[in-house]
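This report refers to the structure that appears directly beneath it.
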Amino acid sequence: MFKRSLIAASLSVAALVSAQAMAVTGGGASLPAELYKGSADSILPANFSYAVTGSGTGKNAFLTNNSSLFGTTGTVHYAGSDSVLSGSELTTYNSNYNGTYGPLIQIPSVATSVTVPYRKDGNTTLNLTSAQLCDAFSGAKTTWGQLLGTTDSTPIRIVYRTGSSGTTELFTRFLNASCSSTLEGGTFAITTSFGSSFSGGLPAGAVSAQGSQAVMNALNAAQGRITYMSPDFAAPTLAGLDDATKVAQVRGVSPAPANVSAAIGAVTPPTTAQRSDPNNWVPVFAATANPNDPSVRPYPTSGYPILGFTNLIFSQCYANATQTQQVRDFFTRHYGATANNDTAITNHRFVPLPASWKLAVRQSFLTSTNNLYIGHSNVCNGIGRPL
């Protein structure tokens, strides 16, 4: 009897270890959360978890391997972020963890718009210039009449995300590039925290909310409110991204996926020589290119203008061979030439990466002769993220 119990206990332990070996723990950005997990067509494998915490927390959890930030225990295996890793974040990671966990991989997952939903009942359409966006979100114009050149005295009320948000970074990056340095009251900085973005302070009556659902609830609570939002969340909530009675056009273009695809079509992947630097994999947009930083590109001149990428951060090395293969399998699917996640990505109002980007990922991280290959024996010998 004792022997049978011991065998049963051993089998239970083995099953538990096997289950743990199959678990891939992650989380982060809310912008792509429904694409990643929780919907019928979500793209993450069943054994990949995804805690929706916001980009800043997601990066922090991965960089410090602090799974408590995802409400769990054990190792953090990957993160999602709309916010690009900073130079200081990469330096700190390389100093503290590169020698034991191996290099990190930062690559774009999908292209995305940042939509501008608003509530103004009776309005048949809203088409804003860059200057009008600057005036509204800085507080330079305080009523809808002032903004649109009418007699409408309805106050403009900004609804903004609290906490560290990659969606906020994408939006403030656009405002930083588009708003004149002579904008009344101050200038916009690129930041994950909207509350500290405008040097002149928040507009009067600005409303804060934590998370996408709370932002949308606050937007719909009163007339005259306007915000910025993930396309995946805005589209089903507001009956579609081409509905200009609910989602503003910007420069005459809606944030529909086709208009984002048109904008990113000419954005090229990093060259072979640039691919060992994680930041070269994620283009960030600015008013002009930076000759000293190949990741900084000028904003596209066609298509929807408020756009960027939501990114994935993985390790190159995992101590467990099963997890290494699971990460490779996800890369193979997500960045595949034909069998891939493009249909689900489009259904969630995001834009799949161009074929040239997917090829660059496969060449770099899925080709065993490339030194960036996930689990490369020359790089990952005796090191890697643990179970």
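Just remember, in the structure tokens the first chain shown is A, the second B, etc., residues are 1-based per chain, and ligands are 1-based in the order shown.
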Could you tell me, as a ChimeraX atom specification, which residues of stretch 147-281 of chain A DSSP assigns to helix (DSSP H, G or I) when given the backbone?
/A:147-148,166-178,194-196,212-220,231-237,257-264,272-274,278-281
Backbone-only DSSP, strand (DSSP E or B) members of stretch 74-124 of chain A, as number ranges by chain:
A: 78-81, 104-113, 115, 117-119
Please identify all polymer residues within 7 Å of stretch 313-326 of chain A, counting only C-alpha atoms, omitting same-chain residues fewer than 4 positions from it, and present them as a ChimeraX atom specification.
/A:21-22,77-80,101-107,330,374-375,380,383-387
Restricting it to C-alpha atoms, dump the selection as a CSV table (one decimal), in the first residue's frame.
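Result file part-v7.csv:
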```csv
chain,number,residue,atom,x,y,z
A,21,ALA,CA,7.5,23.3,-17.7
A,22,MET,CA,4.7,24.0,-20.1
A,77,HIS,CA,9.1,34.7,-19.5
A,78,TYR,CA,7.9,37.5,-21.7
A,79,ALA,CA,6.1,40.9,-21.7
A,80,GLY,CA,4.0,43.0,-24.1
A,101,TYR,CA,19.4,34.9,-18.4
A,102,GLY,CA,21.0,35.7,-21.8
A,103,PRO,CA,20.1,38.6,-24.1
A,104,LEU,CA,16.6,39.9,-24.5
A,105,ILE,CA,14.6,40.1,-27.7
A,106,GLN,CA,12.4,43.1,-28.4
A,107,ILE,CA,10.4,43.0,-31.7
A,330,PHE,CA,5.0,31.0,-31.2
A,374,ILE,CA,16.3,31.4,-29.8
A,375,GLY,CA,18.2,28.9,-27.7
A,380,CYS,CA,22.7,30.0,-24.1
A,383,ILE,CA,22.2,30.1,-18.9
A,384,GLY,CA,18.6,31.1,-19.4
A,385,ARG,CA,15.4,32.1,-17.7
A,386,PRO,CA,14.4,29.3,-15.2
A,387,LEU,CA,11.0,27.6,-15.0
```
I'd like the contact shell of A:Thr268 - 12 Å cut-off, only C-alpha atoms, skipping same-chain residues fewer than 5 positions apart - returned as a PDB file with all heavy atoms, in the first residue's frame.
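Ended up saving to selection_20.pdb:
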```pdb
ATOM      1  N   ALA A 263       0.100  53.494 -44.099  1.00  0.00           N
ATOM      2  CA  ALA A 263       1.123  54.342 -43.486  1.00  0.00           C
ATOM      3  C   ALA A 263       2.430  53.601 -43.217  1.00  0.00           C
ATOM      4  O   ALA A 263       3.511  54.169 -43.348  1.00  0.00           O
ATOM      5  CB  ALA A 263       0.585  54.944 -42.190  1.00  0.00           C
ATOM      6  N   ASN A 280      16.759  48.597 -32.357  1.00  0.00           N
ATOM      7  CA  ASN A 280      16.648  48.793 -33.803  1.00  0.00           C
ATOM      8  C   ASN A 280      15.479  48.038 -34.412  1.00  0.00           C
ATOM      9  O   ASN A 280      15.106  48.287 -35.555  1.00  0.00           O
ATOM     10  CB  ASN A 280      17.948  48.376 -34.497  1.00  0.00           C
ATOM     11  CG  ASN A 280      19.091  49.333 -34.229  1.00  0.00           C
ATOM     12  OD1 ASN A 280      18.871  50.482 -33.840  1.00  0.00           O
ATOM     13  ND2 ASN A 280      20.311  48.868 -34.429  1.00  0.00           N
ATOM     14  N   TRP A 281      14.902  47.113 -33.633  1.00  0.00           N
ATOM     15  CA  TRP A 281      13.771  46.338 -34.137  1.00  0.00           C
ATOM     16  C   TRP A 281      12.450  47.087 -34.041  1.00  0.00           C
ATOM     17  O   TRP A 281      11.463  46.668 -34.663  1.00  0.00           O
ATOM     18  CB  TRP A 281      13.666  45.018 -33.365  1.00  0.00           C
ATOM     19  CG  TRP A 281      14.604  43.978 -33.867  1.00  0.00           C
ATOM     20  CD1 TRP A 281      15.831  43.658 -33.360  1.00  0.00           C
ATOM     21  CD2 TRP A 281      14.408  43.118 -34.993  1.00  0.00           C
ATOM     22  NE1 TRP A 281      16.406  42.653 -34.099  1.00  0.00           N
ATOM     23  CE2 TRP A 281      15.549  42.304 -35.102  1.00  0.00           C
ATOM     24  CE3 TRP A 281      13.379  42.964 -35.910  1.00  0.00           C
ATOM     25  CZ2 TRP A 281      15.691  41.345 -36.105  1.00  0.00           C
ATOM     26  CZ3 TRP A 281      13.511  42.001 -36.906  1.00  0.00           C
ATOM     27  CH2 TRP A 281      14.648  41.213 -36.994  1.00  0.00           C
ATOM     28  N   VAL A 282      12.386  48.136 -33.256  1.00  0.00           N
ATOM     29  CA  VAL A 282      11.101  48.820 -33.043  1.00  0.00           C
ATOM     30  C   VAL A 282      11.197  50.258 -33.536  1.00  0.00           C
ATOM     31  O   VAL A 282      11.765  51.111 -32.849  1.00  0.00           O
ATOM     32  CB  VAL A 282      10.701  48.791 -31.563  1.00  0.00           C
ATOM     33  CG1 VAL A 282       9.355  49.481 -31.379  1.00  0.00           C
ATOM     34  CG2 VAL A 282      10.626  47.358 -31.054  1.00  0.00           C
ATOM     35  N   PRO A 283      10.663  50.552 -34.715  1.00  0.00           N
ATOM     36  CA  PRO A 283      10.684  51.935 -35.181  1.00  0.00           C
ATOM     37  C   PRO A 283       9.830  52.827 -34.278  1.00  0.00           C
ATOM     38  O   PRO A 283       8.740  52.445 -33.845  1.00  0.00           O
ATOM     39  CB  PRO A 283      10.056  51.850 -36.580  1.00  0.00           C
ATOM     40  CG  PRO A 283      10.144  50.416 -36.965  1.00  0.00           C
ATOM     41  CD  PRO A 283      10.060  49.648 -35.688  1.00  0.00           C
ATOM     42  N   PRO A 294      19.020  54.656 -35.872  1.00  0.00           N
ATOM     43  CA  PRO A 294      18.238  54.107 -36.991  1.00  0.00           C
ATOM     44  C   PRO A 294      16.813  53.719 -36.630  1.00  0.00           C
ATOM     45  O   PRO A 294      15.995  53.484 -37.524  1.00  0.00           O
ATOM     46  CB  PRO A 294      19.050  52.871 -37.406  1.00  0.00           C
ATOM     47  CG  PRO A 294      19.880  52.518 -36.219  1.00  0.00           C
ATOM     48  CD  PRO A 294      20.170  53.805 -35.529  1.00  0.00           C
ATOM     49  N   SER A 295      16.496  53.636 -35.327  1.00  0.00           N
ATOM     50  CA  SER A 295      15.125  53.284 -34.943  1.00  0.00           C
ATOM     51  C   SER A 295      14.173  54.462 -35.083  1.00  0.00           C
ATOM     52  O   SER A 295      12.948  54.265 -35.129  1.00  0.00           O
ATOM     53  CB  SER A 295      15.090  52.767 -33.505  1.00  0.00           C
ATOM     54  OG  SER A 295      15.349  53.807 -32.578  1.00  0.00           O
ATOM     55  N   VAL A 296      14.676  55.690 -35.139  1.00  0.00           N
ATOM     56  CA  VAL A 296      13.826  56.880 -35.217  1.00  0.00           C
ATOM     57  C   VAL A 296      13.532  57.196 -36.684  1.00  0.00           C
ATOM     58  O   VAL A 296      14.451  57.505 -37.460  1.00  0.00           O
ATOM     59  CB  VAL A 296      14.480  58.089 -34.528  1.00  0.00           C
ATOM     60  CG1 VAL A 296      13.595  59.321 -34.657  1.00  0.00           C
ATOM     61  CG2 VAL A 296      14.737  57.778 -33.060  1.00  0.00           C
ATOM     62  N   ARG A 297      12.274  57.125 -37.059  1.00  0.00           N
ATOM     63  CA  ARG A 297      11.853  57.362 -38.447  1.00  0.00           C
ATOM     64  C   ARG A 297      10.902  58.557 -38.493  1.00  0.00           C
ATOM     65  O   ARG A 297      10.165  58.802 -37.535  1.00  0.00           O
ATOM     66  CB  ARG A 297      11.122  56.145 -39.006  1.00  0.00           C
ATOM     67  CG  ARG A 297      11.723  54.783 -38.664  1.00  0.00           C
ATOM     68  CD  ARG A 297      12.967  54.487 -39.449  1.00  0.00           C
ATOM     69  NE  ARG A 297      13.467  53.145 -39.144  1.00  0.00           N
ATOM     70  CZ  ARG A 297      13.131  52.051 -39.823  1.00  0.00           C
ATOM     71  NH1 ARG A 297      12.291  52.136 -40.832  1.00  0.00           N
ATOM     72  NH2 ARG A 297      13.649  50.874 -39.493  1.00  0.00           N
ATOM     73  N   PRO A 300       5.057  58.725 -41.308  1.00  0.00           N
ATOM     74  CA  PRO A 300       4.644  58.556 -42.711  1.00  0.00           C
ATOM     75  C   PRO A 300       3.783  59.728 -43.171  1.00  0.00           C
ATOM     76  O   PRO A 300       3.053  60.334 -42.380  1.00  0.00           O
ATOM     77  CB  PRO A 300       3.839  57.252 -42.683  1.00  0.00           C
ATOM     78  CG  PRO A 300       4.352  56.516 -41.490  1.00  0.00           C
ATOM     79  CD  PRO A 300       4.680  57.568 -40.475  1.00  0.00           C
ATOM     80  N   LEU A 353       2.353  42.789 -39.499  1.00  0.00           N
ATOM     81  CA  LEU A 353       3.612  43.329 -40.000  1.00  0.00           C
ATOM     82  C   LEU A 353       3.771  42.989 -41.482  1.00  0.00           C
ATOM     83  O   LEU A 353       3.333  41.930 -41.941  1.00  0.00           O
ATOM     84  CB  LEU A 353       4.783  42.738 -39.223  1.00  0.00           C
ATOM     85  CG  LEU A 353       4.876  43.066 -37.732  1.00  0.00           C
ATOM     86  CD1 LEU A 353       6.155  42.473 -37.155  1.00  0.00           C
ATOM     87  CD2 LEU A 353       4.830  44.561 -37.481  1.00  0.00           C
ATOM     88  N   PRO A 354       4.402  43.882 -42.238  1.00  0.00           N
ATOM     89  CA  PRO A 354       4.675  43.571 -43.644  1.00  0.00           C
ATOM     90  C   PRO A 354       5.523  42.309 -43.776  1.00  0.00           C
ATOM     91  O   PRO A 354       6.241  41.905 -42.853  1.00  0.00           O
ATOM     92  CB  PRO A 354       5.438  44.805 -44.131  1.00  0.00           C
ATOM     93  CG  PRO A 354       5.031  45.913 -43.208  1.00  0.00           C
ATOM     94  CD  PRO A 354       4.817  45.246 -41.869  1.00  0.00           C
ATOM     95  N   ALA A 355       5.461  41.692 -44.954  1.00  0.00           N
ATOM     96  CA  ALA A 355       6.186  40.439 -45.198  1.00  0.00           C
ATOM     97  C   ALA A 355       7.687  40.592 -44.970  1.00  0.00           C
ATOM     98  O   ALA A 355       8.351  39.663 -44.485  1.00  0.00           O
ATOM     99  CB  ALA A 355       5.911  39.957 -46.624  1.00  0.00           C
ATOM    100  N   SER A 356       8.231  41.764 -45.294  1.00  0.00           N
ATOM    101  CA  SER A 356       9.671  41.970 -45.122  1.00  0.00           C
ATOM    102  C   SER A 356      10.070  41.909 -43.650  1.00  0.00           C
ATOM    103  O   SER A 356      11.159  41.429 -43.306  1.00  0.00           O
ATOM    104  CB  SER A 356      10.089  43.314 -45.719  1.00  0.00           C
ATOM    105  OG  SER A 356       9.397  44.394 -45.088  1.00  0.00           O
ATOM    106  N   TRP A 357       9.182  42.376 -42.759  1.00  0.00           N
ATOM    107  CA  TRP A 357       9.465  42.324 -41.323  1.00  0.00           C
ATOM    108  C   TRP A 357       9.400  40.890 -40.813  1.00  0.00           C
ATOM    109  O   TRP A 357      10.252  40.458 -40.027  1.00  0.00           O
ATOM    110  CB  TRP A 357       8.465  43.196 -40.565  1.00  0.00           C
ATOM    111  CG  TRP A 357       8.827  44.641 -40.588  1.00  0.00           C
ATOM    112  CD1 TRP A 357       8.494  45.561 -41.541  1.00  0.00           C
ATOM    113  CD2 TRP A 357       9.607  45.335 -39.611  1.00  0.00           C
ATOM    114  NE1 TRP A 357       9.022  46.783 -41.216  1.00  0.00           N
ATOM    115  CE2 TRP A 357       9.701  46.678 -40.037  1.00  0.00           C
ATOM    116  CE3 TRP A 357      10.216  44.953 -38.433  1.00  0.00           C
ATOM    117  CZ2 TRP A 357      10.396  47.643 -39.311  1.00  0.00           C
ATOM    118  CZ3 TRP A 357      10.905  45.907 -37.696  1.00  0.00           C
ATOM    119  CH2 TRP A 357      10.997  47.231 -38.145  1.00  0.00           C
ATOM    120  N   LYS A 358       8.396  40.159 -41.242  1.00  0.00           N
ATOM    121  CA  LYS A 358       8.273  38.769 -40.800  1.00  0.00           C
ATOM    122  C   LYS A 358       9.478  37.955 -41.256  1.00  0.00           C
ATOM    123  O   LYS A 358      10.006  37.112 -40.501  1.00  0.00           O
ATOM    124  CB  LYS A 358       6.985  38.155 -41.352  1.00  0.00           C
ATOM    125  CG  LYS A 358       5.708  38.767 -40.779  1.00  0.00           C
ATOM    126  CD  LYS A 358       4.512  38.121 -41.443  1.00  0.00           C
ATOM    127  CE  LYS A 358       3.233  38.794 -41.002  1.00  0.00           C
ATOM    128  NZ  LYS A 358       2.066  38.279 -41.729  1.00  0.00           N
ATOM    129  N   LEU A 359       9.929  38.195 -42.479  1.00  0.00           N
ATOM    130  CA  LEU A 359      11.103  37.487 -42.983  1.00  0.00           C
ATOM    131  C   LEU A 359      12.330  37.815 -42.143  1.00  0.00           C
ATOM    132  O   LEU A 359      13.120  36.913 -41.801  1.00  0.00           O
ATOM    133  CB  LEU A 359      11.348  37.861 -44.443  1.00  0.00           C
ATOM    134  CG  LEU A 359      12.603  37.269 -45.093  1.00  0.00           C
ATOM    135  CD1 LEU A 359      12.541  35.738 -45.090  1.00  0.00           C
ATOM    136  CD2 LEU A 359      12.775  37.803 -46.519  1.00  0.00           C
ATOM    137  N   ALA A 360      12.490  39.080 -41.789  1.00  0.00           N
ATOM    138  CA  ALA A 360      13.642  39.477 -40.965  1.00  0.00           C
ATOM    139  C   ALA A 360      13.620  38.773 -39.610  1.00  0.00           C
ATOM    140  O   ALA A 360      14.669  38.353 -39.096  1.00  0.00           O
ATOM    141  CB  ALA A 360      13.649  40.993 -40.784  1.00  0.00           C
TER     142      ALA A 360
END
```
For A:Ser68, the nearest of the candidates A:Thr25, A:Thr310, A:Ser88, A:Gln132, counting only C-alpha atoms:
A:Thr25
Considering only C-alpha atoms, state which residue in the set A:Arg275, A:Arg251, A:His376, A:Arg333 is at the smallest distance from A:Gln363.
A:Arg275
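Closest approach to A:Val76 from the set A:Val24, A:Arg119, A:Ala262, A:Asn47 is made by A:Val24, with distances taken over only C-alpha atoms.
Around A:Gly58, within 6 Å and counting only C-alpha atoms, the residues found are Gly27, Gly28, Ser55, Gly56, Asn60, Ala61 and Ala79 of chain A, once anything fewer than 2 positions away on its own chain is removed.
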Give me, as number ranges by chain, all polymer residues having an atom no more than 7 Å from stretch 34-39 of chain A, counting only C-alpha atoms and skipping those fewer than 5 positions away in the same chain.
A: 44, 50, 345, 348
Which one of A:Gly308, A:Gly99, A:Pro231, A:Gly186 sits closest to A:Val247 if you count only C-alpha atoms?
A:Pro231
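Interatomic distance, atom CA of A:Phe285 to atom CA of A:Phe70: 29.6 Å.
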Within 6 Å of A:Val250, counting only C-alpha atoms, which residues qualify if same-chain residues fewer than 4 places away don't, as a PyMOL selection string?
chain A and resi 127-129
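Closest approach to A:Asn217 among A:Val361, A:Val159, A:Ala177, A:Leu133: A:Val159, based on only C-alpha atoms.
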Å distance separating atom CA of A:Thr125 from atom CA of A:Ala256, one decimal place:
15.3 Å
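Nearest-residue note for A:Phe194: choosing from A:Leu170, A:Leu148, A:Val379, A:Ala222, the minimum distance belongs to A:Leu170, counting only C-alpha atoms.
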